Amino acid sequence: MRYLLLFSAALVAVRAQIDCGAPAGSVADESKAVLWLNNTYNPNAEIIYSTAISASWDYETNITEYNQQVMLDAISVAGGFDRDMRTCALVFDRTDFTFDTNRRLENLIYIGAAALDDEKFDEFNQIVADMSAIYNTGEVCDKPGDPNPDACYPLDPDLYDVMANSRNWSELVWAWEGWRDTCGPPMKPMYPRYVELSNEAALLNDQPDMGAFWRSWYEMEDFEAEVMRLWDEVLPMYEQLHAYVRRKLSGVYGTEHVSLTGAIPAHITGNMWAQDWMSISDIVLPFPNASSIDVTDELINQGYDALQMFQLSEDFFVSMGLIPSPQSFWEDSMFEKPDDGREVTCHASAWDFFNRKDFRIKMCTRVNHEDLITIHHEMGHTQYYYQYAPQPVEYRDGANNGFHEALGDTISLSVQTPEHLYEVGLLPELVQDQESDLNYLMSMALQKVAFLPFGLLIDLWRWEIFDGTITEYNYNERWWHMRTGIQGVVEPVKRSDLAGDFDAGAKYHVPADVPYIRYFVSHILQFQFHEAICEAAGEYPAKPLHHCDVYESHEAGDLLAEMMRPGSSIPWQDVLEAMTGSRDMSTLPLQEFFKPLITYLTAENTKNDEFIGWDINWKPPETPCKHHSTAAMYAVMNAAAIVLACLSMSALISAEDELITDEGEAREYLVMYNTLAQETYFKYVTTSWNYATNLTDVNKDIFVQESLKSAAFDLEARANVSKFDWTNFDPDVMRQLQKIYYIGSSALEGDDLIEYENILADMEQIYSTAKVCESESICIPLDPDLTRLMATSRDYDELKWAWEGWRRETGPEMKDMYENFVTLANKAAKVNDQPDMGAYWRSWYEVDDLKADSMRLWEQLRPFYEQLHAYVRGRLSEHYGESLVDPKRPIPAHLLGNMWAQSWGNILDLVLPYPGKTSIDVTPALVDQGYDALRMFNISEEFFTSLGLIPSPQSFWDDTMFVKPTDGRDVVCHASAWDFYNAKDIRIKMCTSINMEDLITIHHEMGHTQYFLQYKDQPVVYRRGANPGFHEAVGDLLALSVSTPDHLHQIGLLDTVEDDAEADINFLMSMALDKIAFLPFGLLMDLWRWDVFEGLTTKDSYTEAWWKLRNDIQGVEAPVERSDEAGHFDPGAKYHIPGNTPYIRYFISHVLQFQMHRSLCETAGNTRSLHQCDIYRSKEAGKKLGDMLKLGSSKKWPEALEAITGSREMDASAIVDYFKPLMTWLEEKNEEKGYVVGWSDTGSVITMNDINEEYVSLLNEMMWIQVLAIIKKHLKSIICENIEDATFVKSHRAYESEKIGSSYDKVVNIEKRIACGVAERMKTTDNTDFLENTADGQNTLHGTMLVISQNEEMARELYEAGKEFTPPYSGEWELHLGALEVQVKYYFAHDLHKYARLVSVYFAQMKLLKKPGML
């Protein structure tokens, strides 16, 4: 209101002198015009402008929303005033007015943006204010090595200091890129509207665009041609300087980063914008040991502060007889950045408040040489204000904008002379020799000559934007085209319009709407001025121009004052002529000033055969993202965004080669990594989700692009942590660094990575969009149609049709892809220090031999599975007939109620022990009670929260895909849980069907999301399960309670609970069909893949090897002929193969869930049988579980397991305990009904018991030599003589014919533990314990024996101890054979037959490696 009243009063006063509503050109009386200008316009203009400038000052020295609004209101009032004054001025007919009156009125008519109407003018000012606020409040965070991880740094003084003082390439990239990413992208969307409004205003000012309007201020026919003429004149000297500096920089950063023929990377020139290179004088001074003029150290040593530096400048101006600054200047200026927490605009600026008494400077002064010169520059502005203060308002400006900028710099040319610095006590000694002279000129050239192209190109760029040559779609591309083409500097990292970059916005004058060509002009004019005042002072030509100092010269001062007093009242050419004798701008004084240096540089560059100029196509290496090395990478992905992601991380890492041993730096890096990883993975998971929930080519391409970015991020992070020597770091720090180092497929680079990601996306799309056709018009997908058919149909042929059709539509199309995938995956594994991808996957479990551990667990569970298998096969044979289900062969895989025969719960109706008893399949109850997917998820949620665990956030319920969409989208229906890595966004994707199976699946997936919620505060590298099996176990663990009849009854899904032995057996059978039936499938999936990755199974035997494992381990067989020759690829019909999801986790989770269930039941106070335990509502059990989940993977899994179970080892005994009643029942029922236990694809079953009996028989007959003869026969005839590589596996069938063990495939996969810690166990365990009938005791014996047999001295001792049982041996190799023979004796003697079966494997391995002791 205050401003509106002020404006109204002023307007009334102004209009009282003239009828501003009169027609344009209707008043020809010049005296009226003069009277109006002097007595009315000027006094009111001073009031209006002074008020607006005061409001701007208040805002820029205290940036708040309130102050911004006050400023905008004041500017709006001033704009309204200008528009009204323009209207008044147009009333006059100026045809016969004098030059002066006409000039004054013209200044009121051409008013720039103020010519816009009120609404648009306010909009224009709001845009400028908003862009300036982005710039003024910008900060760069995540500084490498920062002890305060939350700290963020403003431009002034922090980023200035980094750019000026750091010589670390990556740290400079951090500051350089960070500033541009902070400023540019937020203001880029505003800039097109700013341009549009600017051009609209220009038209109102009789100019075609705003660039033309700015150029009109210079009152020349072709100002652009004039500045290009000047540039052409100074270009040769700039090129000489550029070439010289470039070589010096290459000596610091290497020619890889600074090409001797290319442009200079913009971030290493000592300045945020590469406009002033003074800060790298330590690198480029010609004579480092000679004196230099940088007086920063002296200023500091003498205790200078900002006020003293301003007083030093004031003294120079006053010494020339110029006007001293008023007291208000010293009281009201802002010399330093406030320490009271205010946000301010630190960009140095001088202010005229248009009241002829109030003048100020705003500056965040640092005590250094650069700011001392800046102070003189700004004091030049204030001196100009003092000199033209008596002029009318319309003339209070420089003769042209360049004049205003040149004045202070002219003075600084004297101030920086060694003579002057010595005189004022800032140079300890005055050394006058050629080397010091060249050093001084180099320092000046780094400021003055280096600036010239930058001063030119900013407005060349803007002029092209204003005239439409450059559009918003190529702002950044054209910016760097000019930076490189004109200035010879290049961006250090890829910048892109597509990535939203707007690097010009990182320079104050662009968002602040300040024309910049004035600075280029001033750099020409200041040397013309300097030459003129040096002549007036008698310093030149008596001295070289670069030694002239006009300090205390009133003659020089008078000449300057005469130039300043007119303001803009006369054309600048007249002012220049009065001062210099020339009406033209000239570069000759500048060339004269630097003549000695240019001569020197030319000679040096000639001597070094320097390339003068620069190759505009050269770019620095894609550092730190060195992996982005191919054009193909950028053709597929948003390169700039990738570089952003990885460069931000790599800022920490030193350019030097030595490893970093400072743990503090590692901790700081981890903090920075964590922030960036969350951002990167959030984007990756988001695009993955978008693709999985809408399978389109567009979404696939976006997903692949983001996958590549994520991989690039991982690869760069790996490169970064590899720079640390973490040997002596804290274990937690070491663990985090190691987890970052091993990155899986992200280790691939360039085309390999692109091909890898596309293969996976293509295979997943084949799987997820596959349909099996009943006819040409009716085709059905896996979910829910085929899944339902496999679960409910009992028609043998219909099931075979669905089973075979699904494999026909999935596998063959991806078989060739899979071979290429394996090659690329193995390439990635080798980068991760593993021989193949299977080994890499196993390494996640942090155990010596995961395969051996898995086989140990399977051996514990196999007898139970064989009993279950025998019973189910018997019942299926009775249902379908022996002609379809042979009671001795593997079970046809399509009859088990599931597409993959992995879970048999859907055939419970066929195998239920007591059909008259209540079933726990609550599918009918779910349907009858009107359950939908959401209600089923709510049941699961309520179970978790009943334990005191974390509830799902609202976003989970808003964003989850609970059912298959009905809008026609193709989606990945395979149920999965998603962590978006932002500690709040979790989701599940599932095509839920209303049945018991999906109710359990929901609990499984909700287990994942609960894990996500519990470890969300861990570092990103720890946001995963203790091992992958843990993650899979959590939901299933709770489902063990949910599935109990008591619980189902409690939540209303089971009407009655029958508490008798038969109902118990029914329940346990239903659970076994889910849990026990799954075990061999959960194991063999990755046994198959591990062999594929290892090269033991190749593409021509993919399907054959698959069904060999399915037959041998699971006891199921294909219902129709399957062959590799026919192009079949049956593993591809299971989601996890094309989806590249390791599967052993599910086998392990089935062990862990029972182990954890037993422990939590004890915690909950359960007193019933383990299979009857329900931990529902037990806060104690929930706390124990939650405490374990919170660990994520921050501890090794044995510690996490111990926290919940008290044991550090996986143990299948809990499964045995859980199902003990059923196991007993099955053994009795199978014997009763004559169901065969075991299977053979020939129908002649050889069981493990048969094999053991054969060994025992041999042992009882003391036929040791016969046993070894069998082994040695095969070793020598099949393995030792024939095998040169891993193909020896293909010789496995020879073992079957002798029946000395199971098939060789089984031999390979049975216990092969060779414990690294066996020596320690030998020290701490009595020898008598070796023979204990326990897993630990047996493994200790086995490992010990193996170590002994491979050590020559130990082997001899062992052989001597047992030689009475063996024939004589000779030679080193034979000695080891003898030792192993004695080992066999021990195994047989103590009934450890499974170890005896492995002796042949060890022989083969020793022979293969050509050296005993190197298994």
# chains A, B, ... in the order shown; residues from 1 in each chain; ligands from 1
>>> residues_around(residues="Gly1165 of chain A", least_positions_apart="5", cutoff="12 Å", atoms="only C-alpha atoms", output="PyMOL selection string")
chain A and resi 1158-1160+1170+1173-1181
>>> residues_around(residues="Arg180 of chain A", least_positions_apart="4", cutoff="9 Å", atoms="only C-alpha atoms", output="list in words")
Ala175, Trp176, Gly184, Pro185, Asp501, Phe502, Asp503, Ala504, Gly505, Ala506 and Lys507 of chain A
>>> write_last_selection(atoms="C-alpha atoms", output="compact mmCIF listing (two decimals), in the first residue's frame")
# COMPACT_ATOMS: atom_id res chain seq x y z
CA ALA A 175 32.18 -28.31 -7.20
CA TRP A 176 31.89 -27.42 -10.88
CA GLY A 184 20.59 -24.64 -14.06
CA PRO A 185 17.89 -27.30 -14.11
CA ASP A 501 21.16 -29.06 -17.99
CA PHE A 502 21.19 -25.29 -18.29
CA ASP A 503 24.79 -24.38 -17.56
CA ALA A 504 24.51 -20.73 -18.55
CA GLY A 505 22.22 -20.34 -15.54
CA ALA A 506 25.19 -21.04 -13.29
CA LYS A 507 26.50 -17.55 -14.12
>>> closest_residue(among="A:Val721, A:Ile986, A:Ala1200, A:Leu1038", to="Val733 of chain A", atoms="only C-alpha atoms")
A:Val721
>>> closest_residue(among="A:Tyr914, A:Trp174, A:Trp480, A:Tyr871", to="Ile616 of chain A", atoms="only C-alpha atoms")
A:Trp480
>>> select_by_dssp(residues="segment 762-960 of chain A", states="strand (DSSP E)", output="number ranges by chain")
A: 771-773, 779-781, 891-892
>>> closest_residue(among="A:Leu1053, A:Val91, A:Ala537, A:Val671", to="Ala151 of chain A", atoms="only C-alpha atoms")
A:Val671
>>> select_by_dssp(residues="segment 613-810 of chain A", states="alpha helix (DSSP H)", output="MDAnalysis selection string")
chainID A and resid 631:636 639:650 663:692 697:721 731:741 750:769 787:792 796:810
>>> write_last_selection(atoms="C-alpha atoms", output="CSV table (one decimal), in the first residue's frame")
chain,number,residue,atom,x,y,z
A,631,ALA,CA,29.0,-44.1,-28.6
A,632,ALA,CA,26.6,-46.9,-28.4
A,633,MET,CA,26.2,-46.3,-24.7
A,634,TYR,CA,25.1,-42.8,-25.3
A,635,ALA,CA,22.9,-43.8,-28.1
A,636,VAL,CA,20.8,-45.8,-25.8
A,639,ALA,CA,24.4,-39.9,-20.9
A,640,ALA,CA,24.4,-36.7,-18.9
A,641,ALA,CA,22.2,-38.2,-16.3
A,642,ILE,CA,24.6,-41.2,-16.0
A,643,VAL,CA,27.6,-39.0,-15.7
A,644,LEU,CA,25.7,-37.0,-13.1
A,645,ALA,CA,25.1,-40.1,-11.0
A,646,CYS,CA,28.6,-41.4,-11.1
A,647,LEU,CA,30.6,-38.2,-11.1
A,648,SER,CA,28.9,-37.0,-8.0
A,649,MET,CA,30.3,-40.0,-6.2
A,650,SER,CA,33.8,-40.0,-7.7
A,663,GLU,CA,39.5,-44.6,7.3
A,664,GLY,CA,37.9,-41.2,7.9
A,665,GLU,CA,37.9,-40.6,4.1
A,666,ALA,CA,36.3,-44.0,3.6
A,667,ARG,CA,33.6,-43.2,6.1
A,668,GLU,CA,32.9,-39.8,4.4
A,669,TYR,CA,32.7,-41.5,1.1
A,670,LEU,CA,30.3,-44.1,2.4
A,671,VAL,CA,28.0,-41.3,3.6
A,672,MET,CA,28.1,-39.7,0.1
A,673,TYR,CA,27.6,-43.0,-1.6
A,674,ASN,CA,24.6,-43.8,0.5
A,675,THR,CA,22.8,-40.6,-0.6
A,676,LEU,CA,23.6,-41.1,-4.2
A,677,ALA,CA,22.8,-44.8,-4.2
A,678,GLN,CA,19.3,-44.1,-2.8
A,679,GLU,CA,18.6,-41.6,-5.6
A,680,THR,CA,20.0,-43.9,-8.3
A,681,TYR,CA,18.3,-47.1,-7.2
A,682,PHE,CA,15.0,-45.3,-6.6
A,683,LYS,CA,15.0,-44.2,-10.3
A,684,TYR,CA,16.0,-47.7,-11.4
A,685,VAL,CA,13.4,-49.5,-9.4
A,686,THR,CA,10.7,-47.0,-10.5
A,687,THR,CA,11.3,-47.7,-14.2
A,688,SER,CA,11.5,-51.4,-13.5
A,689,TRP,CA,8.2,-51.2,-11.7
A,690,ASN,CA,6.7,-49.2,-14.6
A,691,TYR,CA,7.9,-51.8,-17.1
A,692,ALA,CA,6.7,-54.8,-15.0
A,697,ASP,CA,8.5,-51.4,-25.8
A,698,VAL,CA,8.6,-47.8,-24.6
A,699,ASN,CA,8.7,-48.8,-21.0
A,700,LYS,CA,11.2,-51.5,-21.7
A,701,ASP,CA,13.5,-49.0,-23.4
A,702,ILE,CA,13.2,-46.6,-20.4
A,703,PHE,CA,13.9,-49.5,-18.0
A,704,VAL,CA,17.0,-50.6,-20.0
A,705,GLN,CA,18.3,-47.0,-20.0
A,706,GLU,CA,17.8,-46.7,-16.3
A,707,SER,CA,19.4,-50.1,-15.8
A,708,LEU,CA,22.4,-48.9,-17.6
A,709,LYS,CA,22.6,-45.8,-15.5
A,710,SER,CA,22.3,-47.9,-12.3
A,711,ALA,CA,25.0,-50.2,-13.6
A,712,ALA,CA,27.2,-47.2,-14.5
A,713,PHE,CA,26.7,-45.9,-10.9
A,714,ASP,CA,27.7,-49.3,-9.5
A,715,LEU,CA,30.8,-49.5,-11.7
A,716,GLU,CA,32.0,-46.1,-10.8
A,717,ALA,CA,31.4,-46.8,-7.1
A,718,ARG,CA,33.4,-50.0,-7.5
A,719,ALA,CA,36.2,-48.0,-9.0
A,720,ASN,CA,36.1,-45.5,-6.2
A,721,VAL,CA,36.2,-48.0,-3.3
A,731,PRO,CA,35.2,-54.3,10.2
A,732,ASP,CA,32.0,-52.5,9.5
A,733,VAL,CA,33.7,-50.0,7.1
A,734,MET,CA,35.5,-52.8,5.4
A,735,ARG,CA,32.3,-54.7,5.0
A,736,GLN,CA,30.5,-51.8,3.4
A,737,LEU,CA,33.3,-51.1,1.0
A,738,GLN,CA,33.5,-54.8,0.0
A,739,LYS,CA,29.8,-54.9,-0.7
A,740,ILE,CA,30.1,-51.8,-2.9
A,741,TYR,CA,33.1,-53.4,-4.7
A,750,GLY,CA,29.7,-50.4,-22.9
A,751,ASP,CA,28.1,-52.7,-25.5
A,752,ASP,CA,28.3,-55.7,-23.2
A,753,LEU,CA,26.2,-54.0,-20.6
A,754,ILE,CA,23.7,-52.9,-23.1
A,755,GLU,CA,23.4,-56.3,-24.6
A,756,TYR,CA,23.1,-57.9,-21.2
A,757,GLU,CA,20.3,-55.7,-20.1
A,758,ASN,CA,18.4,-56.1,-23.3
A,759,ILE,CA,18.7,-59.8,-23.2
A,760,LEU,CA,17.2,-59.9,-19.7
A,761,ALA,CA,14.4,-57.5,-20.7
A,762,ASP,CA,13.7,-59.5,-23.8
A,763,MET,CA,13.6,-62.9,-22.0
A,764,GLU,CA,11.4,-61.5,-19.3
A,765,GLN,CA,9.0,-60.1,-21.9
A,766,ILE,CA,8.9,-63.4,-23.8
A,767,TYR,CA,8.0,-65.1,-20.5
A,768,SER,CA,5.5,-62.6,-19.2
A,769,THR,CA,3.6,-62.2,-22.5
A,787,THR,CA,-2.0,-71.8,-13.3
A,788,ARG,CA,-5.7,-72.6,-12.5
A,789,LEU,CA,-5.8,-75.4,-15.0
A,790,MET,CA,-2.7,-77.1,-13.7
A,791,ALA,CA,-4.1,-76.8,-10.2
A,792,THR,CA,-7.6,-78.1,-10.8
A,796,TYR,CA,-4.0,-86.3,-18.0
A,797,ASP,CA,-4.0,-85.1,-21.6
A,798,GLU,CA,-5.4,-81.6,-20.8
A,799,LEU,CA,-2.6,-81.2,-18.2
A,800,LYS,CA,-0.1,-82.4,-20.8
A,801,TRP,CA,-1.4,-79.9,-23.3
A,802,ALA,CA,-1.0,-77.0,-20.9
A,803,TRP,CA,2.4,-78.2,-19.7
A,804,GLU,CA,3.8,-78.8,-23.1
A,805,GLY,CA,2.3,-75.6,-24.6
A,806,TRP,CA,3.8,-73.4,-21.9
A,807,ARG,CA,7.2,-74.8,-22.6
A,808,ARG,CA,6.7,-74.4,-26.3
A,809,GLU,CA,5.8,-70.7,-26.0
A,810,THR,CA,8.6,-69.7,-23.7
>>> closest_atom_pairs(of="segment 494-595 of chain A", to="segment 336-350 of chain A", cutoff="12 Å", atoms="only C-alpha atoms", output="Markdown table")
| residue | atom | partner | partner_atom | distance |
| --- | --- | --- | --- | --- |
| A:Lys507 | CA | A:His347 | CA | 10.2 |
| A:Tyr508 | CA | A:His347 | CA | 7.5 |
| A:His509 | CA | A:His347 | CA | 9.6 |
| A:Ala512 | CA | A:His347 | CA | 10.7 |
| A:Val514 | CA | A:Ser349 | CA | 11.7 |
>>> write_last_selection(atoms="N, CA, C and O atoms", output="PDB file, in the first residue's frame")
ATOM      1  N   LYS A 507      25.830 -18.838 -14.136  1.00  0.00           N
ATOM      2  CA  LYS A 507      26.501 -17.549 -14.117  1.00  0.00           C
ATOM      3  C   LYS A 507      25.482 -16.476 -13.744  1.00  0.00           C
ATOM      4  O   LYS A 507      24.446 -16.345 -14.395  1.00  0.00           O
ATOM      5  N   TYR A 508      25.781 -15.693 -12.719  1.00  0.00           N
ATOM      6  CA  TYR A 508      24.847 -14.758 -12.110  1.00  0.00           C
ATOM      7  C   TYR A 508      24.093 -13.903 -13.112  1.00  0.00           C
ATOM      8  O   TYR A 508      22.881 -13.699 -13.005  1.00  0.00           O
ATOM      9  N   HIS A 509      24.777 -13.382 -14.100  1.00  0.00           N
ATOM     10  CA  HIS A 509      24.196 -12.375 -14.982  1.00  0.00           C
ATOM     11  C   HIS A 509      23.083 -12.933 -15.860  1.00  0.00           C
ATOM     12  O   HIS A 509      22.247 -12.170 -16.350  1.00  0.00           O
ATOM     13  N   ALA A 512      19.932 -13.148 -13.550  1.00  0.00           N
ATOM     14  CA  ALA A 512      19.650 -11.797 -13.041  1.00  0.00           C
ATOM     15  C   ALA A 512      19.322 -10.796 -14.139  1.00  0.00           C
ATOM     16  O   ALA A 512      19.074  -9.623 -13.848  1.00  0.00           O
ATOM     17  N   VAL A 514      21.197  -9.427 -16.510  1.00  0.00           N
ATOM     18  CA  VAL A 514      22.204  -8.368 -16.622  1.00  0.00           C
ATOM     19  C   VAL A 514      22.983  -8.574 -17.916  1.00  0.00           C
ATOM     20  O   VAL A 514      23.699  -9.574 -18.048  1.00  0.00           O
TER      21      VAL A 514
END
>>> residues_around(residues="Ile1065 of chain A", least_positions_apart="3", cutoff="10 Å", atoms="only C-alpha atoms", output="CSV table (one decimal) with N, CA, C and O atoms, in the first residue's frame")
chain,number,residue,atom,x,y,z
A,912,LEU,N,-4.8,-86.9,0.0
A,912,LEU,CA,-5.1,-86.7,1.4
A,912,LEU,C,-5.3,-88.0,2.2
A,912,LEU,O,-6.0,-88.9,1.8
A,913,PRO,N,-4.5,-88.1,3.3
A,913,PRO,CA,-4.5,-89.4,4.0
A,913,PRO,C,-5.9,-89.8,4.5
A,913,PRO,O,-6.3,-91.0,4.4
A,914,TYR,N,-6.7,-88.8,5.0
A,914,TYR,CA,-8.0,-89.1,5.6
A,914,TYR,C,-9.0,-88.2,5.0
A,914,TYR,O,-9.3,-87.1,5.5
A,917,LYS,N,-11.8,-86.2,6.9
A,917,LYS,CA,-11.5,-85.2,7.9
A,917,LYS,C,-11.4,-83.8,7.2
A,917,LYS,O,-11.3,-83.6,6.0
A,1060,ASP,N,-7.4,-84.4,16.4
A,1060,ASP,CA,-7.1,-85.8,16.6
A,1060,ASP,C,-5.9,-86.1,15.6
A,1060,ASP,O,-5.5,-85.3,14.8
A,1061,ALA,N,-5.4,-87.3,15.7
A,1061,ALA,CA,-4.2,-87.7,15.0
A,1061,ALA,C,-4.5,-87.7,13.5
A,1061,ALA,O,-3.6,-87.3,12.7
A,1062,GLU,N,-5.7,-88.1,13.0
A,1062,GLU,CA,-5.9,-88.1,11.6
A,1062,GLU,C,-6.0,-86.7,11.0
A,1062,GLU,O,-5.4,-86.5,9.9
A,1068,LEU,N,-0.5,-82.0,8.3
A,1068,LEU,CA,1.0,-82.1,8.0
A,1068,LEU,C,1.2,-82.5,6.5
A,1068,LEU,O,2.1,-82.1,5.9
A,1069,MET,N,0.3,-83.3,6.0
A,1069,MET,CA,0.4,-83.7,4.5
A,1069,MET,C,0.2,-82.4,3.7
A,1069,MET,O,1.0,-82.2,2.7
A,1070,SER,N,-0.7,-81.6,4.0
A,1070,SER,CA,-0.9,-80.4,3.2
A,1070,SER,C,0.3,-79.5,3.3
A,1070,SER,O,0.7,-78.9,2.3
A,1071,MET,N,0.9,-79.4,4.4
A,1071,MET,CA,2.1,-78.6,4.6
A,1071,MET,C,3.3,-79.3,3.8
A,1071,MET,O,4.1,-78.6,3.2
A,1219,PHE,N,7.7,-82.3,11.0
A,1219,PHE,CA,7.0,-83.3,10.3
A,1219,PHE,C,7.2,-84.7,10.8
A,1219,PHE,O,6.8,-85.7,10.2
A,1221,PRO,N,5.6,-86.6,13.0
A,1221,PRO,CA,4.4,-87.5,12.9
A,1221,PRO,C,4.1,-88.0,11.5
A,1221,PRO,O,3.7,-89.2,11.3
A,1222,LEU,N,4.3,-87.1,10.5
A,1222,LEU,CA,4.0,-87.5,9.2
A,1222,LEU,C,5.0,-88.5,8.6
A,1222,LEU,O,4.7,-89.4,7.9
A,1223,MET,N,6.3,-88.3,9.0
A,1223,MET,CA,7.3,-89.2,8.5
A,1223,MET,C,7.1,-90.6,9.0
A,1223,MET,O,7.2,-91.6,8.2
A,1225,TRP,N,4.2,-91.8,9.8
A,1225,TRP,CA,3.0,-92.3,9.2
A,1225,TRP,C,3.4,-92.8,7.7
A,1225,TRP,O,2.9,-93.8,7.3
A,1226,LEU,N,4.2,-92.0,7.0
A,1226,LEU,CA,4.5,-92.3,5.6
A,1226,LEU,C,5.3,-93.6,5.6
A,1226,LEU,O,5.1,-94.5,4.7
>>> atom_distance(atom1="atom CA of Arg518 of chain A", atom2="atom CA of Pro392 of chain A")
22.7 Å
>>> residues_around(residues="segment 1204-1209 of chain A", least_positions_apart="2", cutoff="9 Å", atoms="only C-alpha atoms", output="ChimeraX atom specification")
/A:1155-1160,1184-1185,1187-1188,1197-1202,1211
>>> closest_residue(among="A:Leu260, A:Pro953, A:Cys991, A:Gln1153", to="Ala1039 of chain A", atoms="only C-alpha atoms")
A:Gln1153
>>> closest_residue(among="A:Gln275, A:Phe353, A:Asn102, A:Leu597", to="Gln434 of chain A", atoms="only C-alpha atoms")
A:Leu597
>>> residues_around(residues="segment 1107-1121 of chain A", least_positions_apart="5", cutoff="7 Å", atoms="only C-alpha atoms", output="list of chain:residue names")
A:Lys800, A:Pro890, A:Ile891, A:Pro892, A:Ala893, A:His894, A:Pro1080, A:Phe1081, A:Leu1084, A:Trp1239
>>> residues_around(residues="Ser443 of chain A", least_positions_apart="6", cutoff="8 Å", atoms="only C-alpha atoms", output="JSON list (two decimals) with N, CA and C atoms, in the first residue's frame")
[["chain", "number", "residue", "atom", "x", "y", "z"],
["A", 278, "MET", "N", 43.50, -16.29, -12.84],
["A", 278, "MET", "CA", 44.52, -15.81, -11.90],
["A", 278, "MET", "C", 44.85, -16.84, -10.81],
["A", 281, "SER", "N", 47.83, -19.22, -11.17],
["A", 281, "SER", "CA", 49.14, -18.62, -11.48],
["A", 281, "SER", "C", 50.27, -19.46, -10.91],
["A", 285, "LEU", "N", 52.85, -19.61, -13.96],
["A", 285, "LEU", "CA", 53.85, -18.53, -13.99],
["A", 285, "LEU", "C", 55.10, -19.01, -14.71],
["A", 292, "SER", "N", 56.06, -12.69, -7.68],
["A", 292, "SER", "CA", 54.77, -12.55, -8.34],
["A", 292, "SER", "C", 54.00, -11.46, -7.63],
["A", 293, "ILE", "N", 52.89, -11.04, -8.22],
["A", 293, "ILE", "CA", 52.14, -9.91, -7.63],
["A", 293, "ILE", "C", 50.96, -10.37, -6.81],
["A", 294, "ASP", "N", 50.79, -11.66, -6.62],
["A", 294, "ASP", "CA", 49.67, -12.12, -5.79],
["A", 294, "ASP", "C", 50.00, -11.82, -4.34]]
>>> atom_distance(atom1="atom CA of Leu786 of chain A", atom2="atom CA of Val772 of chain A")
8.3 Å
>>> residues_around(residues="Asp1086 of chain A", least_positions_apart="6", cutoff="7 Å", atoms="only C-alpha atoms", output="list in words")
Pro1142, Tyr1143 and Ile1144 of chain A
>>> write_last_selection(atoms="all heavy atoms", output="compact mmCIF listing (two decimals), in the first residue's frame")
# COMPACT_ATOMS: atom_id res chain seq x y z
N PRO A 1142 18.56 -65.80 -8.73
CA PRO A 1142 19.13 -67.01 -8.11
C PRO A 1142 18.08 -67.72 -7.26
O PRO A 1142 17.24 -67.08 -6.62
CB PRO A 1142 20.28 -66.45 -7.26
CG PRO A 1142 20.65 -65.16 -7.95
CD PRO A 1142 19.36 -64.60 -8.46
N TYR A 1143 18.16 -69.06 -7.23
CA TYR A 1143 17.05 -69.83 -6.66
C TYR A 1143 17.42 -70.61 -5.41
O TYR A 1143 16.53 -71.02 -4.66
CB TYR A 1143 16.51 -70.79 -7.73
CG TYR A 1143 15.05 -71.13 -7.57
CD1 TYR A 1143 14.07 -70.20 -7.93
CD2 TYR A 1143 14.63 -72.36 -7.07
CE1 TYR A 1143 12.72 -70.49 -7.79
CE2 TYR A 1143 13.28 -72.66 -6.94
CZ TYR A 1143 12.33 -71.73 -7.30
OH TYR A 1143 10.99 -72.01 -7.16
N ILE A 1144 18.68 -70.82 -5.17
CA ILE A 1144 19.07 -71.60 -4.00
C ILE A 1144 18.56 -70.96 -2.71
O ILE A 1144 18.38 -71.61 -1.69
CB ILE A 1144 20.61 -71.80 -3.94
CG1 ILE A 1144 20.99 -72.94 -2.98
CG2 ILE A 1144 21.32 -70.53 -3.56
CD1 ILE A 1144 20.57 -74.31 -3.46
>>> closest_residue(among="A:Ala536, A:Ile517, A:Ala1212, A:Ile907", to="Glu405 of chain A", atoms="only C-alpha atoms")
A:Ile517
